[in-house]
Amino acid sequence: MTNLAYWIQPIIRYDLGDSALSRADRCPCASLLPAIRVAGRPDAVLRLEAADGRIVTVLPLTIGAIVDEIPGVRCSQLVQADPISVRLRLDPETGVEVEKMWGCAIANLKAYLVGQGLANVAVVRASEPTERSARSGKFRQVIAKSRGAQRAGR
């Protein structure tokens, strides 16, 4: 999709990795136009395994809201290590109490996961800093392990 209403040249056929699904029903807003449901970027959705074997999806925006609002956190990055553990990377602001910031971030993230039925998922403090993708140069707040790799690791 692209918006052709702007005067600048649109980038057409540029793959952002986003996906959308056509809705079979009408839009709840009563529009007569075809409706879609945005599925997001499949590589940025965490699929974590609960203790009972259920797979629970966690969206990247949720993680950002939980961790990045902590005083002293410049930015965060969550890396899925396997179906039952995640590594948290933090970029602290200058002059912040780093240990206090880390403690709050891990406690908030763990509390959220418990609320999602993921009490068994470990949150590990990563020693490495946040990083950008080597391929695209983009900063990804969540780096999810691919579904194929998850199945192979089981």
# chains A, B, ... in the order shown; residues from 1 in each chain; ligands from 1
$ residues_around --residues "Val56 in chain A" --least-positions-apart "5" --cutoff "8 Å" --atoms "only C-alpha atoms" --output "list in words"
Leu46, Arg47, Leu48, Glu49, Ala50, Gln116 and Leu118 of chain A
$ write_last_selection --atoms "N, CA and C atoms" --output "PDB file, in the first residue's frame"
ATOM      1  N   LEU A  46       6.852 -11.629  19.321  1.00  0.00           N
ATOM      2  CA  LEU A  46       7.409 -12.713  20.132  1.00  0.00           C
ATOM      3  C   LEU A  46       6.374 -13.816  20.278  1.00  0.00           C
ATOM      4  N   ARG A  47       6.792 -15.031  20.111  1.00  0.00           N
ATOM      5  CA  ARG A  47       5.940 -16.196  20.342  1.00  0.00           C
ATOM      6  C   ARG A  47       6.592 -16.989  21.458  1.00  0.00           C
ATOM      7  N   LEU A  48       6.058 -16.815  22.662  1.00  0.00           N
ATOM      8  CA  LEU A  48       6.644 -17.436  23.846  1.00  0.00           C
ATOM      9  C   LEU A  48       5.785 -18.599  24.308  1.00  0.00           C
ATOM     10  N   GLU A  49       6.431 -19.595  24.883  1.00  0.00           N
ATOM     11  CA  GLU A  49       5.737 -20.802  25.312  1.00  0.00           C
ATOM     12  C   GLU A  49       5.444 -20.756  26.806  1.00  0.00           C
ATOM     13  N   ALA A  50       4.166 -20.874  27.141  1.00  0.00           N
ATOM     14  CA  ALA A  50       3.749 -20.918  28.540  1.00  0.00           C
ATOM     15  C   ALA A  50       4.079 -22.293  29.118  1.00  0.00           C
ATOM     16  N   GLN A 116       0.449 -12.362  31.436  1.00  0.00           N
ATOM     17  CA  GLN A 116       0.096 -13.004  30.169  1.00  0.00           C
ATOM     18  C   GLN A 116       0.145 -14.527  30.264  1.00  0.00           C
ATOM     19  N   LEU A 118       2.841 -16.176  31.369  1.00  0.00           N
ATOM     20  CA  LEU A 118       4.202 -16.567  31.008  1.00  0.00           C
ATOM     21  C   LEU A 118       5.164 -16.453  32.196  1.00  0.00           C
TER      22      LEU A 118
END
$ residues_around --residues "range 76-88 of chain A" --least-positions-apart "5" --cutoff "9 Å" --atoms "only C-alpha atoms" --output "number ranges by chain"
A: 46-51, 55, 60, 63-64, 67-68, 105-106, 118, 120-127, 129-131, 139-145, 149-150, 153-154
$ atom_distance --atom1 "CA of Arg74 in chain A" --atom2 "CA of Thr94 in chain A"
9.0 Å
$ atom_distance --atom1 "CA of Lys110 in chain A" --atom2 "CA of Thr57 in chain A"
15.0 Å
$ residues_around --residues "Glu93 in chain A" --least-positions-apart "4" --cutoff "10 Å" --atoms "only C-alpha atoms" --output "NGL selection string"
:A and (71-75 or 97-98 or 101)
$ select_by_dssp --residues "range 4-138 of chain A" --states "alpha helix (DSSP H)" --output "PyMOL selection string"
chain A and resi 60-67+98-115
$ atom_distance --atom1 "CA of Val96 in chain A" --atom2 "CA of Ser133 in chain A"
26.6 Å
$ select_by_dssp --residues "range 23-73 of chain A" --states "strand (DSSP E)" --output "JSON, numbers by chain"
{"A": [36, 37, 38, 39, 40, 46, 47, 48, 49, 55, 56, 57, 58, 73]}
$ residues_around --residues "Leu33 in chain A" --least-positions-apart "4" --cutoff "12 Å" --atoms "only C-alpha atoms" --output "ChimeraX atom specification"
/A:22-29
$ write_last_selection --atoms "N, CA and C atoms" --output "JSON list (two decimals), in the first residue's frame"
[["chain", "number", "residue", "atom", "x", "y", "z"],
["A", 22, "SER", "N", -7.10, -9.37, 4.41],
["A", 22, "SER", "CA", -8.40, -8.87, 3.98],
["A", 22, "SER", "C", -9.46, -9.39, 4.94],
["A", 23, "ARG", "N", -10.33, -8.50, 5.38],
["A", 23, "ARG", "CA", -11.41, -8.90, 6.29],
["A", 23, "ARG", "C", -12.60, -9.40, 5.48],
["A", 24, "ALA", "N", -13.22, -10.47, 5.93],
["A", 24, "ALA", "CA", -14.40, -11.01, 5.26],
["A", 24, "ALA", "C", -15.63, -10.15, 5.57],
["A", 25, "ASP", "N", -15.63, -9.53, 6.75],
["A", 25, "ASP", "CA", -16.77, -8.71, 7.16],
["A", 25, "ASP", "C", -16.50, -7.24, 6.84],
["A", 26, "ARG", "N", -17.49, -6.41, 7.03],
["A", 26, "ARG", "CA", -17.36, -4.97, 6.81],
["A", 26, "ARG", "C", -16.60, -4.33, 7.97],
["A", 27, "CYS", "N", -16.05, -3.18, 7.70],
["A", 27, "CYS", "CA", -15.36, -2.42, 8.73],
["A", 27, "CYS", "C", -16.36, -1.97, 9.80],
["A", 28, "PRO", "N", -15.99, -2.02, 11.09],
["A", 28, "PRO", "CA", -16.90, -1.57, 12.15],
["A", 28, "PRO", "C", -17.28, -0.10, 12.03],
["A", 29, "CYS", "N", -16.52, 0.67, 11.26],
["A", 29, "CYS", "CA", -16.81, 2.10, 11.09],
["A", 29, "CYS", "C", -17.93, 2.35, 10.08]]
